[in-house]
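Trainee: Below you'll find model_12.txt; it's compact mmCIF, C-alpha atoms.
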# COMPACT_ATOMS: atom_id res chain seq x y z
CA MET A 1 -4.83 21.05 43.32
CA THR A 2 -7.95 21.78 45.28
CA ALA A 3 -8.29 19.82 48.47
CA CYS A 4 -9.00 16.25 47.51
CA GLY A 5 -9.17 13.58 50.15
CA ALA A 6 -5.75 12.23 51.07
CA LEU A 7 -4.13 13.17 47.75
CA SER A 8 -0.97 15.23 47.78
CA LYS A 9 -0.83 18.63 46.08
CA TYR A 10 1.03 17.31 43.04
CA TRP A 11 -0.55 13.87 42.88
CA MET A 12 -0.33 13.74 39.09
CA PHE A 13 3.48 13.79 39.29
CA SER A 14 3.97 11.17 42.01
CA ASP A 15 5.53 7.79 41.30
CA GLU A 16 2.68 6.08 43.13
CA TYR A 17 0.20 7.55 40.62
CA THR A 18 2.50 6.77 37.67
CA GLN A 19 2.72 3.11 38.58
CA ASN A 20 -0.97 2.68 39.40
CA PRO A 21 -3.36 5.59 38.79
CA TYR A 22 -6.57 3.65 39.42
CA PRO A 23 -6.87 4.18 43.20
CA THR A 24 -6.50 7.90 42.55
CA PHE A 25 -9.12 7.81 39.80
CA SER A 26 -11.49 5.89 42.07
CA LEU A 27 -11.16 8.54 44.75
CA LEU A 28 -11.64 11.36 42.25
CA ARG A 29 -14.75 9.79 40.69
CA ALA A 30 -16.31 9.30 44.12
CA GLU A 31 -15.40 12.60 45.76
CA HIS A 32 -14.14 15.11 43.17
CA PRO A 33 -15.26 14.17 39.63
CA VAL A 34 -14.18 17.64 38.47
CA THR A 35 -11.03 18.91 40.15
CA MET A 36 -8.24 21.33 39.39
CA VAL A 37 -4.62 20.22 39.19
CA GLN A 38 -1.59 22.49 39.14
CA THR A 39 1.98 21.93 38.00
CA PRO A 40 5.05 23.27 39.81
CA ASP A 41 5.55 25.88 37.04
CA GLY A 42 2.09 27.35 37.58
CA ALA A 43 0.07 25.69 34.81
CA ARG A 44 -3.36 24.38 35.77
CA ALA A 45 -6.07 22.19 34.31
CA TRP A 46 -9.42 20.73 35.27
CA VAL A 47 -9.50 16.92 35.38
CA ILE A 48 -12.75 15.06 34.52
CA THR A 49 -12.95 11.41 35.60
CA ARG A 50 -16.50 9.95 35.42
CA TYR A 51 -17.53 7.98 32.32
CA ASP A 52 -20.70 9.93 31.48
CA ASP A 53 -18.98 13.28 32.03
CA VAL A 54 -15.94 12.33 29.94
CA ARG A 55 -18.06 10.99 27.08
CA GLU A 56 -20.28 14.07 27.00
CA ALA A 57 -17.34 16.47 27.24
CA LEU A 58 -15.46 14.74 24.39
CA ALA A 59 -18.29 15.78 22.05
CA ASP A 60 -18.98 19.22 23.57
CA PRO A 61 -18.27 22.00 21.01
CA ARG A 62 -17.66 24.43 23.88
CA LEU A 63 -14.44 22.53 24.61
CA SER A 64 -12.00 23.54 21.88
CA ARG A 65 -9.04 21.71 20.36
CA ASP A 66 -7.70 24.88 18.70
CA ILE A 67 -3.99 24.54 19.42
CA GLY A 68 -3.32 28.26 19.07
CA LYS A 69 -5.90 29.11 21.72
CA LEU A 70 -4.60 26.35 24.01
CA TYR A 71 -1.02 27.64 23.80
CA GLU A 72 -2.23 31.18 24.43
CA ALA A 73 -4.10 30.08 27.55
CA LEU A 74 -1.13 28.08 28.83
CA GLY A 75 1.18 31.02 28.21
CA ARG A 76 -1.06 33.30 30.29
CA GLN A 77 -0.93 30.84 33.16
CA ILE A 78 2.85 30.52 33.30
CA GLY A 79 3.68 34.08 32.25
CA LYS A 80 5.33 33.25 28.91
CA GLU A 81 4.36 33.86 25.32
CA LEU A 82 3.95 30.45 23.73
CA LYS A 83 3.50 29.69 20.05
CA PRO A 84 2.97 26.18 18.70
CA ALA A 85 5.42 24.95 16.08
CA ASP A 86 4.19 25.10 12.50
CA GLU A 87 4.39 21.30 12.27
CA ILE A 88 1.54 20.84 14.77
CA THR A 89 -0.80 23.72 14.00
CA ASN A 90 -2.53 22.59 10.82
CA HIS A 91 -3.93 19.10 11.34
CA LEU A 92 -7.35 17.85 12.35
CA ALA A 93 -6.53 16.85 15.95
CA ASN A 94 -5.54 20.44 16.69
CA SER A 95 -8.43 22.21 14.99
CA ASP A 96 -12.13 22.91 15.37
CA PRO A 97 -14.86 23.16 12.77
CA PRO A 98 -15.16 24.55 10.20
CA ARG A 99 -11.48 23.81 9.37
CA HIS A 100 -11.58 20.42 11.05
CA THR A 101 -14.25 19.11 8.66
CA PRO A 102 -12.29 19.15 5.35
CA LEU A 103 -9.13 18.00 7.13
CA ARG A 104 -10.92 14.90 8.39
CA LYS A 105 -12.62 14.30 5.06
CA ALA A 106 -9.23 14.39 3.33
CA LEU A 107 -7.86 11.66 5.63
CA VAL A 108 -10.64 9.34 6.65
CA PHE A 109 -10.53 7.32 3.40
CA ALA A 110 -7.01 6.12 4.27
CA PHE A 111 -8.15 4.46 7.50
CA THR A 112 -11.27 2.61 6.38
CA PRO A 113 -11.60 -1.08 7.29
CA LYS A 114 -11.14 -2.00 3.61
CA ARG A 115 -7.88 -0.04 3.26
CA VAL A 116 -6.56 -1.38 6.55
CA ALA A 117 -7.40 -4.90 5.35
CA ASN A 118 -5.23 -4.22 2.30
CA LEU A 119 -2.37 -3.23 4.60
CA ARG A 120 -2.55 -6.45 6.63
CA PRO A 121 -0.24 -8.59 4.45
CA GLY A 122 2.47 -5.97 4.64
CA LEU A 123 2.00 -5.59 8.40
CA GLU A 124 2.17 -9.37 8.87
CA LYS A 125 5.46 -9.49 6.97
CA VAL A 126 6.91 -6.70 9.11
CA VAL A 127 5.76 -8.41 12.33
CA ASP A 128 7.45 -11.65 11.25
CA GLN A 129 10.70 -9.78 10.56
CA LEU A 130 10.54 -8.06 13.94
CA LEU A 131 9.93 -11.39 15.67
CA ASP A 132 13.00 -12.82 13.95
CA GLU A 133 15.01 -10.07 15.62
CA LEU A 134 13.23 -10.64 18.93
CA ALA A 135 14.12 -14.34 18.87
CA ALA A 136 17.79 -13.51 18.28
CA ARG A 137 18.07 -11.28 21.34
CA GLU A 138 19.73 -12.54 24.50
CA GLN A 139 17.25 -10.59 26.65
CA PRO A 140 14.12 -10.18 24.51
CA ASP A 141 11.89 -7.18 25.18
CA LEU A 142 8.53 -6.86 23.40
CA VAL A 143 8.55 -3.06 23.57
CA GLU A 144 11.98 -2.60 22.02
CA SER A 145 11.54 -5.31 19.40
CA LEU A 146 7.85 -5.13 18.49
CA THR A 147 5.38 -2.68 20.02
CA GLU A 148 7.63 0.35 19.54
CA PRO A 149 8.88 -0.13 15.95
CA LEU A 150 5.71 -1.65 14.42
CA PRO A 151 3.41 1.42 14.70
CA ILE A 152 6.14 3.63 13.24
CA ILE A 153 6.55 1.28 10.28
CA GLY A 154 2.77 0.99 9.89
CA ILE A 155 2.34 4.76 9.62
CA ALA A 156 5.38 4.98 7.34
CA GLN A 157 3.82 2.40 5.00
CA LEU A 158 0.55 4.31 4.99
CA LEU A 159 2.26 7.61 4.16
CA GLY A 160 4.42 6.08 1.43
CA VAL A 161 7.81 6.33 3.16
CA PRO A 162 10.43 4.07 1.50
CA ALA A 163 11.31 0.99 3.55
CA ALA A 164 14.97 2.02 3.63
CA ASP A 165 14.00 5.01 5.83
CA TRP A 166 11.85 3.23 8.41
CA ARG A 167 14.62 2.76 10.96
CA GLN A 168 15.52 6.46 10.80
CA PHE A 169 11.90 7.26 11.56
CA ASN A 170 12.19 5.06 14.63
CA VAL A 171 15.15 7.19 15.81
CA TRP A 172 13.26 10.45 15.28
CA SER A 173 10.16 9.08 16.97
CA LYS A 174 12.05 7.84 20.04
CA THR A 175 13.57 11.28 20.51
CA MET A 176 10.20 13.00 20.35
CA ARG A 177 8.59 10.56 22.77
CA SER A 178 11.37 10.54 25.35
CA THR A 179 12.75 14.09 25.27
CA ASP A 180 11.20 16.97 27.20
CA ALA A 181 10.31 20.11 25.27
CA THR A 182 12.82 22.04 27.42
CA ASP A 183 15.64 19.68 26.37
CA PRO A 184 18.92 21.60 26.89
CA THR A 185 20.91 19.36 24.51
CA GLY A 186 19.05 20.59 21.45
CA ILE A 187 18.56 17.05 20.12
CA LEU A 188 14.78 17.43 20.13
CA ALA A 189 14.90 20.58 18.03
CA GLN A 190 17.46 18.99 15.71
CA HIS A 191 15.40 15.86 15.11
CA THR A 192 12.23 17.91 14.65
CA ARG A 193 13.97 19.93 11.93
CA GLU A 194 15.32 16.77 10.30
CA LEU A 195 11.92 15.07 10.25
CA SER A 196 10.21 18.22 8.96
CA ALA A 197 12.75 18.60 6.16
CA TYR A 198 12.41 14.92 5.24
CA MET A 199 8.62 15.11 5.13
CA ALA A 200 8.75 18.28 3.00
CA ASP A 201 11.05 16.52 0.52
CA LEU A 202 8.80 13.45 0.46
CA ILE A 203 5.74 15.59 -0.22
CA ALA A 204 7.57 17.27 -3.10
CA GLU A 205 8.55 13.85 -4.50
CA LYS A 206 4.95 12.57 -4.29
CA SER A 207 3.72 15.69 -6.09
CA ARG A 208 6.02 14.79 -9.01
CA ARG A 209 5.62 11.00 -8.92
CA PRO A 210 2.51 9.90 -6.99
CA THR A 211 2.04 6.34 -5.78
CA ASP A 212 -0.72 4.55 -3.89
CA ASP A 213 -0.23 6.15 -0.47
CA LEU A 214 -1.68 8.80 1.80
CA ILE A 215 0.74 11.62 1.00
CA SER A 216 0.16 11.19 -2.74
CA ALA A 217 -3.59 11.26 -2.15
CA MET A 218 -3.34 14.44 -0.08
CA VAL A 219 -1.04 16.17 -2.58
CA HIS A 220 -3.30 15.39 -5.55
CA ALA A 221 -6.68 15.82 -3.84
CA GLU A 222 -9.31 18.04 -5.38
CA GLY A 223 -12.50 19.81 -4.38
CA ASP A 224 -13.45 19.70 -0.70
CA LYS A 225 -10.51 17.36 0.06
CA LEU A 226 -7.91 19.86 -1.13
CA LEU A 227 -5.34 20.76 1.56
CA ALA A 228 -2.82 23.56 1.69
CA PRO A 229 0.88 22.49 1.57
CA LYS A 230 1.38 23.43 5.23
CA GLU A 231 -1.65 21.31 6.18
CA ILE A 232 -0.24 18.28 4.35
CA LEU A 233 3.11 18.69 6.12
CA SER A 234 1.46 19.17 9.51
CA THR A 235 -0.80 16.14 9.03
CA ALA A 236 2.04 13.87 7.92
CA PHE A 237 4.18 15.10 10.82
CA ALA A 238 1.37 14.49 13.30
CA LEU A 239 0.78 10.95 12.07
CA MET A 240 4.47 10.09 12.31
CA THR A 241 4.98 11.56 15.77
CA GLY A 242 1.62 11.20 17.49
CA GLY A 243 -0.09 8.22 15.93
CA ASN A 244 2.73 5.82 16.67
CA GLU A 245 3.09 6.75 20.37
CA THR A 246 -0.53 6.01 21.17
CA THR A 247 -0.50 2.74 19.22
CA THR A 248 2.72 1.67 20.95
CA SER A 249 1.04 2.27 24.31
CA LEU A 250 -2.06 0.39 23.17
CA MET A 251 -0.15 -2.67 21.94
CA THR A 252 2.16 -2.73 24.95
CA GLY A 253 -0.81 -2.50 27.29
CA CYS A 254 -2.58 -5.39 25.55
CA PHE A 255 0.46 -7.66 25.82
CA ALA A 256 1.10 -6.62 29.43
CA ALA A 257 -2.50 -7.41 30.36
CA LEU A 258 -2.41 -10.90 28.84
CA LEU A 259 1.06 -11.79 30.12
CA ALA A 260 0.12 -10.62 33.61
CA HIS A 261 -3.00 -12.84 33.45
CA PRO A 262 -1.52 -16.07 32.01
CA GLU A 263 -4.66 -18.12 32.56
CA GLN A 264 -6.62 -15.83 30.23
CA GLY A 265 -3.68 -15.68 27.84
CA GLU A 266 -3.66 -19.48 27.61
CA ARG A 267 -7.33 -19.47 26.64
CA LEU A 268 -6.61 -17.05 23.79
CA LYS A 269 -3.65 -19.11 22.60
CA ALA A 270 -5.93 -22.14 22.44
CA ASP A 271 -8.56 -20.20 20.47
CA PRO A 272 -6.78 -17.40 18.53
CA GLY A 273 -9.90 -16.74 16.50
CA ARG A 274 -11.21 -14.89 19.54
CA ILE A 275 -8.42 -12.29 19.46
CA PRO A 276 -10.33 -9.67 17.39
CA HIS A 277 -13.26 -9.92 19.82
CA VAL A 278 -11.08 -9.61 22.92
CA VAL A 279 -8.99 -6.62 21.84
CA ASP A 280 -11.51 -4.07 23.13
CA GLU A 281 -11.54 -5.61 26.61
CA LEU A 282 -7.73 -5.59 26.64
CA ILE A 283 -7.79 -1.93 25.59
CA ARG A 284 -10.43 -1.05 28.19
CA PHE A 285 -8.53 -2.81 30.97
CA SER A 286 -5.06 -1.48 30.13
CA SER A 287 -6.37 1.97 29.08
CA PRO A 288 -3.29 3.22 27.20
CA MET A 289 -4.61 6.80 27.12
CA LEU A 290 -4.61 8.39 30.57
CA TYR A 291 -6.03 11.59 29.10
CA ALA A 292 -7.35 12.76 25.77
CA LEU A 293 -5.67 15.74 24.15
CA GLN A 294 -6.39 18.81 26.26
CA ARG A 295 -9.39 21.02 25.57
CA LEU A 296 -10.03 24.73 26.23
CA THR A 297 -13.34 26.09 27.48
CA LEU A 298 -14.68 28.69 25.03
CA GLU A 299 -17.29 29.78 27.60
CA ASP A 300 -18.28 28.88 31.14
CA VAL A 301 -19.05 25.14 31.16
CA GLU A 302 -20.81 23.22 33.93
CA ILE A 303 -19.77 19.59 34.42
CA ALA A 304 -21.01 17.42 37.30
CA GLY A 305 -22.24 20.50 39.16
CA THR A 306 -18.93 22.38 38.85
CA THR A 307 -18.63 25.47 36.66
CA ILE A 308 -15.34 25.67 34.76
CA PRO A 309 -14.72 29.27 33.66
CA ALA A 310 -14.04 30.24 30.06
CA GLY A 311 -10.40 30.11 29.00
CA GLU A 312 -9.48 27.11 31.17
CA ILE A 313 -7.67 23.92 30.11
CA VAL A 314 -9.60 20.68 30.59
CA MET A 315 -8.20 17.13 30.78
CA LEU A 316 -10.63 14.28 30.11
CA SER A 317 -9.56 10.86 31.40
CA PRO A 318 -10.55 7.82 29.29
CA ALA A 319 -8.50 5.65 31.66
CA SER A 320 -10.64 6.63 34.62
CA ALA A 321 -13.84 6.40 32.57
CA ASN A 322 -12.91 2.90 31.38
CA HIS A 323 -12.79 1.73 35.02
CA ASP A 324 -15.91 3.56 36.20
CA PRO A 325 -18.21 1.05 37.97
CA ASP A 326 -21.27 3.04 36.88
CA ALA A 327 -20.39 2.25 33.26
CA PHE A 328 -18.86 -1.20 33.84
CA PRO A 329 -20.61 -2.61 36.93
CA ASP A 330 -19.10 -6.09 36.66
CA ARG A 331 -15.63 -5.82 38.30
CA PRO A 332 -14.28 -2.92 36.17
CA ASP A 333 -10.77 -3.24 37.62
CA ASP A 334 -10.48 -6.86 36.47
CA LEU A 335 -9.52 -8.22 33.07
CA ASP A 336 -12.29 -10.44 31.70
CA ILE A 337 -11.86 -11.70 28.14
CA ASP A 338 -15.46 -12.97 28.27
CA ARG A 339 -16.82 -9.48 28.89
CA PRO A 340 -19.26 -8.37 26.17
CA LYS A 341 -17.60 -5.79 23.89
CA PRO A 342 -17.14 -2.81 26.20
CA ALA A 343 -17.95 0.72 25.04
CA HIS A 344 -14.63 2.12 26.21
CA LEU A 345 -13.50 5.68 25.49
CA THR A 346 -9.86 5.04 24.59
CA PHE A 347 -10.41 6.16 20.99
CA GLY A 348 -12.47 9.15 22.03
CA HIS A 349 -15.97 10.23 21.06
CA GLY A 350 -17.48 12.85 18.79
CA ILE A 351 -15.77 14.65 15.91
CA HIS A 352 -12.29 13.90 17.26
CA TYR A 353 -12.88 10.13 17.45
CA CYS A 354 -9.56 8.58 16.42
CA ILE A 355 -9.43 7.96 12.66
CA GLY A 356 -6.65 5.40 13.19
CA THR A 357 -8.81 3.05 15.27
CA HIS A 358 -8.99 0.26 12.65
CA LEU A 359 -5.25 0.41 12.00
CA ALA A 360 -4.37 0.33 15.70
CA ARG A 361 -6.67 -2.65 16.30
CA ALA A 362 -5.23 -4.46 13.27
CA GLN A 363 -1.67 -4.04 14.48
CA ALA A 364 -2.60 -5.31 17.95
CA GLU A 365 -4.50 -8.31 16.55
CA ILE A 366 -1.76 -9.29 14.08
CA SER A 367 0.96 -8.96 16.70
CA MET A 368 -0.83 -11.07 19.29
CA ARG A 369 -1.70 -13.80 16.81
CA ARG A 370 1.84 -13.98 15.40
CA VAL A 371 3.53 -13.87 18.82
CA PHE A 372 1.37 -16.64 20.25
CA GLU A 373 1.76 -18.79 17.14
CA ARG A 374 5.51 -18.49 17.14
CA PHE A 375 6.17 -18.43 20.89
CA PRO A 376 3.37 -20.44 22.54
CA ASP A 377 5.34 -20.59 25.82
CA ILE A 378 6.03 -16.85 26.02
CA ARG A 379 5.84 -15.43 29.54
CA LEU A 380 7.03 -12.41 31.49
CA ALA A 381 10.64 -12.53 32.63
CA VAL A 382 9.67 -10.55 35.74
CA ARG A 383 6.72 -10.51 38.11
CA PRO A 384 3.85 -8.29 36.89
CA SER A 385 4.37 -6.07 39.94
CA GLU A 386 7.93 -5.39 38.74
CA LEU A 387 6.86 -3.80 35.45
CA ARG A 388 7.66 -0.09 35.54
CA TYR A 389 5.70 2.71 33.90
CA GLN A 390 7.47 5.83 32.73
CA PRO A 391 6.01 9.20 33.78
CA ALA A 392 3.89 10.60 30.93
CA LEU A 393 1.06 13.08 30.81
CA LEU A 394 -1.24 11.44 28.26
CA VAL A 395 -0.23 7.82 27.58
CA ARG A 396 0.44 4.89 29.90
CA ALA A 397 2.26 1.64 29.23
CA PRO A 398 5.19 -0.29 30.70
CA ALA A 399 8.55 1.11 29.63
CA ALA A 400 9.70 -2.44 28.87
CA LEU A 401 8.18 -5.92 28.60
CA PRO A 402 11.04 -8.39 29.23
CA VAL A 403 9.92 -11.86 28.22
CA LYS A 404 11.08 -15.46 28.10
CA LEU A 405 10.27 -17.17 24.83
Write out the structure in this file as structure tokens.
Mentor:
Amino acid sequence: MTACGALSKYWMFSDEYTQNPYPTFSLLRAEHPVTMVQTPDGARAWVITRYDDVREALADPRLSRDIGKLYEALGRQIGKELKPADEITNHLANSDPPRHTPLRKALVFAFTPKRVANLRPGLEKVVDQLLDELAAREQPDLVESLTEPLPIIGIAQLLGVPAADWRQFNVWSKTMRSTDATDPTGILAQHTRELSAYMADLIAEKSRRPTDDLISAMVHAEGDKLLAPKEILSTAFALMTGGNETTTSLMTGCFAALLAHPEQGERLKADPGRIPHVVDELIRFSSPMLYALQRLTLEDVEIAGTTIPAGEIVMLSPASANHDPDAFPDRPDDLDIDRPKPAHLTFGHGIHYCIGTHLARAQAEISMRRVFERFPDIRLAVRPSELRYQPALLVRAPAALPVKL
């Protein structure tokens, strides 16, 4: 990394940063709002930390999400030829216009507030079942029992995956979240193949016998919503592997924030009708997304007085932006459930604004309401300072939330 105050060369990989990145972000915003980081294997990226800069860059068409171009740039940096797997190359998060436009149009209907409202009864039933299992555990953990499995089941319901297969999806998802791409055991590659084969079979089944679900809608779409078979597979794969990780981090962060601030949690328990209005402050405070998906500069781009050359990887930090005092002047590092709805950047901005926003919020709201109704005395089983965060490039949440019911 370029010289940056008292930060070490590999600050992004330190345990101090993993456990609490906000002092680092504060320093970067003040002194180096655009700075280059480098990994031990030679990869580099430019980190953007101020709210206004992050928001503007998220919508800048000169910053590309084309996954093929990103892999090519990364390969040049580390001296290897890299090619993205077919399962991740053909969905909207990894594409630019003009291809991005029909991909988004083909999906956005499935995540409207009305459709998410129709999913709520099913989600409530699943949450109640998960809480039954939580209550039966000798050492209950909200991550293991609730915030990890629920998003996987929610996406599975949306796609039309049979309930009998939900637990297997949890196994595949855990592997993909916790296993490095260089995994020498081969379990990551094995589970990727298994999930891909399963999704291909499910798509074939929905083409023969459609039901009221997202895969059926994609398979039988017409006109400008028509997708190629490889795009349907890639989109379904992305939702199952990517959508659940971010929602798990979001839900875990919301619970961690409330349980670490019991006085504010008690106020919500006494008035649960406020939960939908407080979710955005919980998301802003906990900031489950350290960085948005990486971008690539298609030409020289100037941000905050620094010119980033063409062909460089850029990392935009919603977590830093969400704690920027210029955007949130009233104690941005504090949780305040009375804060007016904050315009946080966790879900992004521009054409890549997260289409799953309503579903993620719904799962967080339902979970909090059900947990507090059933376990009004719930509290952390450890001190907040003892919660540990696992190293991760993009998402941030405690690895476990041990609780007493």
Trainee: Of the candidates A:Thr112, A:Thr252, A:Thr235, A:Ser320, which shows the shortest atom-to-atom distance to Met199 of chain A, using all atoms listed in the file?
Mentor: A:Thr235
Trainee: Would you kindly return, as a ChimeraX atom specification, each protein, DNA or RNA residue with an atom no farther than 10 Å from any atom of Ile366 of chain A, considering all atoms listed in the file and excluding same-chain residues fewer than 4 positions away?
Mentor: /A:120-121,123-124,127-128,275-276,361-362,370-371
Trainee: Neighbouring residues of Glu144 of chain A were defined as those with any atom within 10 Å, considering only C-alpha atoms; residues of the same chain fewer than 3 positions away were excluded. Please report them as a PyMOL selection string.
Mentor: chain A and resi 130+134+140-141+147-150+399-402
Trainee: Which residue is closest to Pro23 of chain A? Choose from A:Leu103, A:Ala319, A:Leu195, A:Ala164 and count only C-alpha atoms.
Mentor: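 Selected residue with least distance to Pro23 of chain A: A:Ala319.
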Trainee: Given the choices A:Ala110, A:Ala136, A:Ala93, A:Leu393, which gets closest to Ser64 of chain A if the distance is worked out from only C-alpha atoms?
Mentor: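 Ranking A:Ala110, A:Ala136, A:Ala93, A:Leu393 by distance to Ser64 of chain A, first place goes to A:Ala93.
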Trainee: Name the closest residue to Ser26 of chain A among the candidates A:Ala381, A:His323, A:Gln38, A:Gly186; distances are taken between atoms, counting only C-alpha atoms.
Mentor: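 Answer, going by the shortest atom-to-atom distance: A:His323.
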Trainee: Can you work out which one of A:Arg374, A:Arg284, A:Arg369, A:Lys83 has the shortest atom-to-atom distance to Ala343 of chain A, counting only C-alpha atoms?
Mentor: A:Arg284
Trainee: Please determine, counting only C-alpha atoms, which residue among A:Leu290, A:Leu58, A:Arg29, A:Lys69 has the shortest atom-to-atom distance to Tyr17 of chain A.
Mentor: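 Nearest candidate to Tyr17 of chain A out of A:Leu290, A:Leu58, A:Arg29, A:Lys69: A:Leu290.
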Trainee: Excluding Ala304 of chain A and any residue of its chain fewer than 4 positions from it, enumerate the residues within 8 Å of it, using only C-alpha atoms, and give them as number ranges by chain.
Mentor: A: 33-34, 53
Trainee: Between atom CA of Arg55 of chain A and atom CA of His349 of chain A, measure the distance and give it in Å to one decimal.
Mentor: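 So the two atoms, atom CA of Arg55 of chain A and atom CA of His349 of chain A, lie 6.4 Å apart.
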Trainee: Need the neighbours of (-9.7, 10.9, 27.8): which residues are at most 8 Å away, counting all atoms listed in the file, as JSON, numbers by chain?
Mentor: {"A": [54, 58, 289, 290, 291, 292, 293, 315, 316, 317, 318, 319, 321, 345, 346, 348]}
Trainee: In Å, rounded to a single decimal, give me how far atom CA of Met12 of chain A is from atom CA of Lys80 of chain A.
Mentor: 22.7 Å
Trainee: Measure the distance from atom CA of Ala59 of chain A to atom CA of Pro229 of chain A in Å and round it to one decimal.
Mentor: 28.8 Å
Trainee: For segment 363-378 of chain A, supply N, CA, C and O atoms and format the output as a JSON list (two decimals), in the frame of the given file.
Mentor:
[["chain", "number", "residue", "atom", "x", "y", "z"],
["A", 363, "GLN", "N", -3.04, -3.79, 14.06],
["A", 363, "GLN", "CA", -1.67, -4.04, 14.48],
["A", 363, "GLN", "C", -1.63, -4.85, 15.78],
["A", 363, "GLN", "O", -0.80, -5.74, 15.95],
["A", 364, "ALA", "N", -2.54, -4.54, 16.70],
["A", 364, "ALA", "CA", -2.60, -5.31, 17.95],
["A", 364, "ALA", "C", -3.01, -6.75, 17.68],
["A", 364, "ALA", "O", -2.40, -7.70, 18.22],
["A", 365, "GLU", "N", -4.03, -6.96, 16.85],
["A", 365, "GLU", "CA", -4.50, -8.31, 16.55],
["A", 365, "GLU", "C", -3.42, -9.13, 15.85],
["A", 365, "GLU", "O", -3.16, -10.29, 16.23],
["A", 366, "ILE", "N", -2.80, -8.57, 14.82],
["A", 366, "ILE", "CA", -1.76, -9.29, 14.08],
["A", 366, "ILE", "C", -0.61, -9.65, 14.99],
["A", 366, "ILE", "O", -0.09, -10.78, 14.96],
["A", 367, "SER", "N", -0.18, -8.72, 15.82],
["A", 367, "SER", "CA", 0.96, -8.96, 16.70],
["A", 367, "SER", "C", 0.68, -10.08, 17.69],
["A", 367, "SER", "O", 1.50, -10.97, 17.90],
["A", 368, "MET", "N", -0.50, -10.04, 18.32],
["A", 368, "MET", "CA", -0.83, -11.07, 19.29],
["A", 368, "MET", "C", -0.91, -12.44, 18.63],
["A", 368, "MET", "O", -0.38, -13.43, 19.15],
["A", 369, "ARG", "N", -1.56, -12.51, 17.49],
["A", 369, "ARG", "CA", -1.70, -13.80, 16.81],
["A", 369, "ARG", "C", -0.32, -14.36, 16.43],
["A", 369, "ARG", "O", -0.03, -15.53, 16.67],
["A", 370, "ARG", "N", 0.53, -13.52, 15.84],
["A", 370, "ARG", "CA", 1.84, -13.98, 15.40],
["A", 370, "ARG", "C", 2.74, -14.36, 16.59],
["A", 370, "ARG", "O", 3.47, -15.36, 16.54],
["A", 371, "VAL", "N", 2.70, -13.57, 17.64],
["A", 371, "VAL", "CA", 3.53, -13.87, 18.82],
["A", 371, "VAL", "C", 3.12, -15.20, 19.43],
["A", 371, "VAL", "O", 3.98, -16.05, 19.74],
["A", 372, "PHE", "N", 1.82, -15.42, 19.60],
["A", 372, "PHE", "CA", 1.37, -16.64, 20.25],
["A", 372, "PHE", "C", 1.57, -17.87, 19.36],
["A", 372, "PHE", "O", 1.79, -18.97, 19.86],
["A", 373, "GLU", "N", 1.48, -17.68, 18.05],
["A", 373, "GLU", "CA", 1.76, -18.79, 17.14],
["A", 373, "GLU", "C", 3.22, -19.20, 17.20],
["A", 373, "GLU", "O", 3.55, -20.40, 17.22],
["A", 374, "ARG", "N", 4.08, -18.21, 17.23],
["A", 374, "ARG", "CA", 5.51, -18.49, 17.14],
["A", 374, "ARG", "C", 6.12, -18.84, 18.49],
["A", 374, "ARG", "O", 7.05, -19.66, 18.57],
["A", 375, "PHE", "N", 5.61, -18.21, 19.54],
["A", 375, "PHE", "CA", 6.17, -18.43, 20.89],
["A", 375, "PHE", "C", 5.04, -18.83, 21.84],
["A", 375, "PHE", "O", 4.63, -18.04, 22.70],
["A", 376, "PRO", "N", 4.52, -20.03, 21.71],
["A", 376, "PRO", "CA", 3.37, -20.44, 22.54],
["A", 376, "PRO", "C", 3.69, -20.47, 24.03],
["A", 376, "PRO", "O", 2.77, -20.41, 24.86],
["A", 377, "ASP", "N", 4.96, -20.54, 24.40],
["A", 377, "ASP", "CA", 5.34, -20.59, 25.82],
["A", 377, "ASP", "C", 5.80, -19.24, 26.34],
["A", 377, "ASP", "O", 6.38, -19.15, 27.43],
["A", 378, "ILE", "N", 5.56, -18.16, 25.59],
["A", 378, "ILE", "CA", 6.03, -16.85, 26.02],
["A", 378, "ILE", "C", 5.45, -16.48, 27.38],
["A", 378, "ILE", "O", 4.29, -16.76, 27.69]]
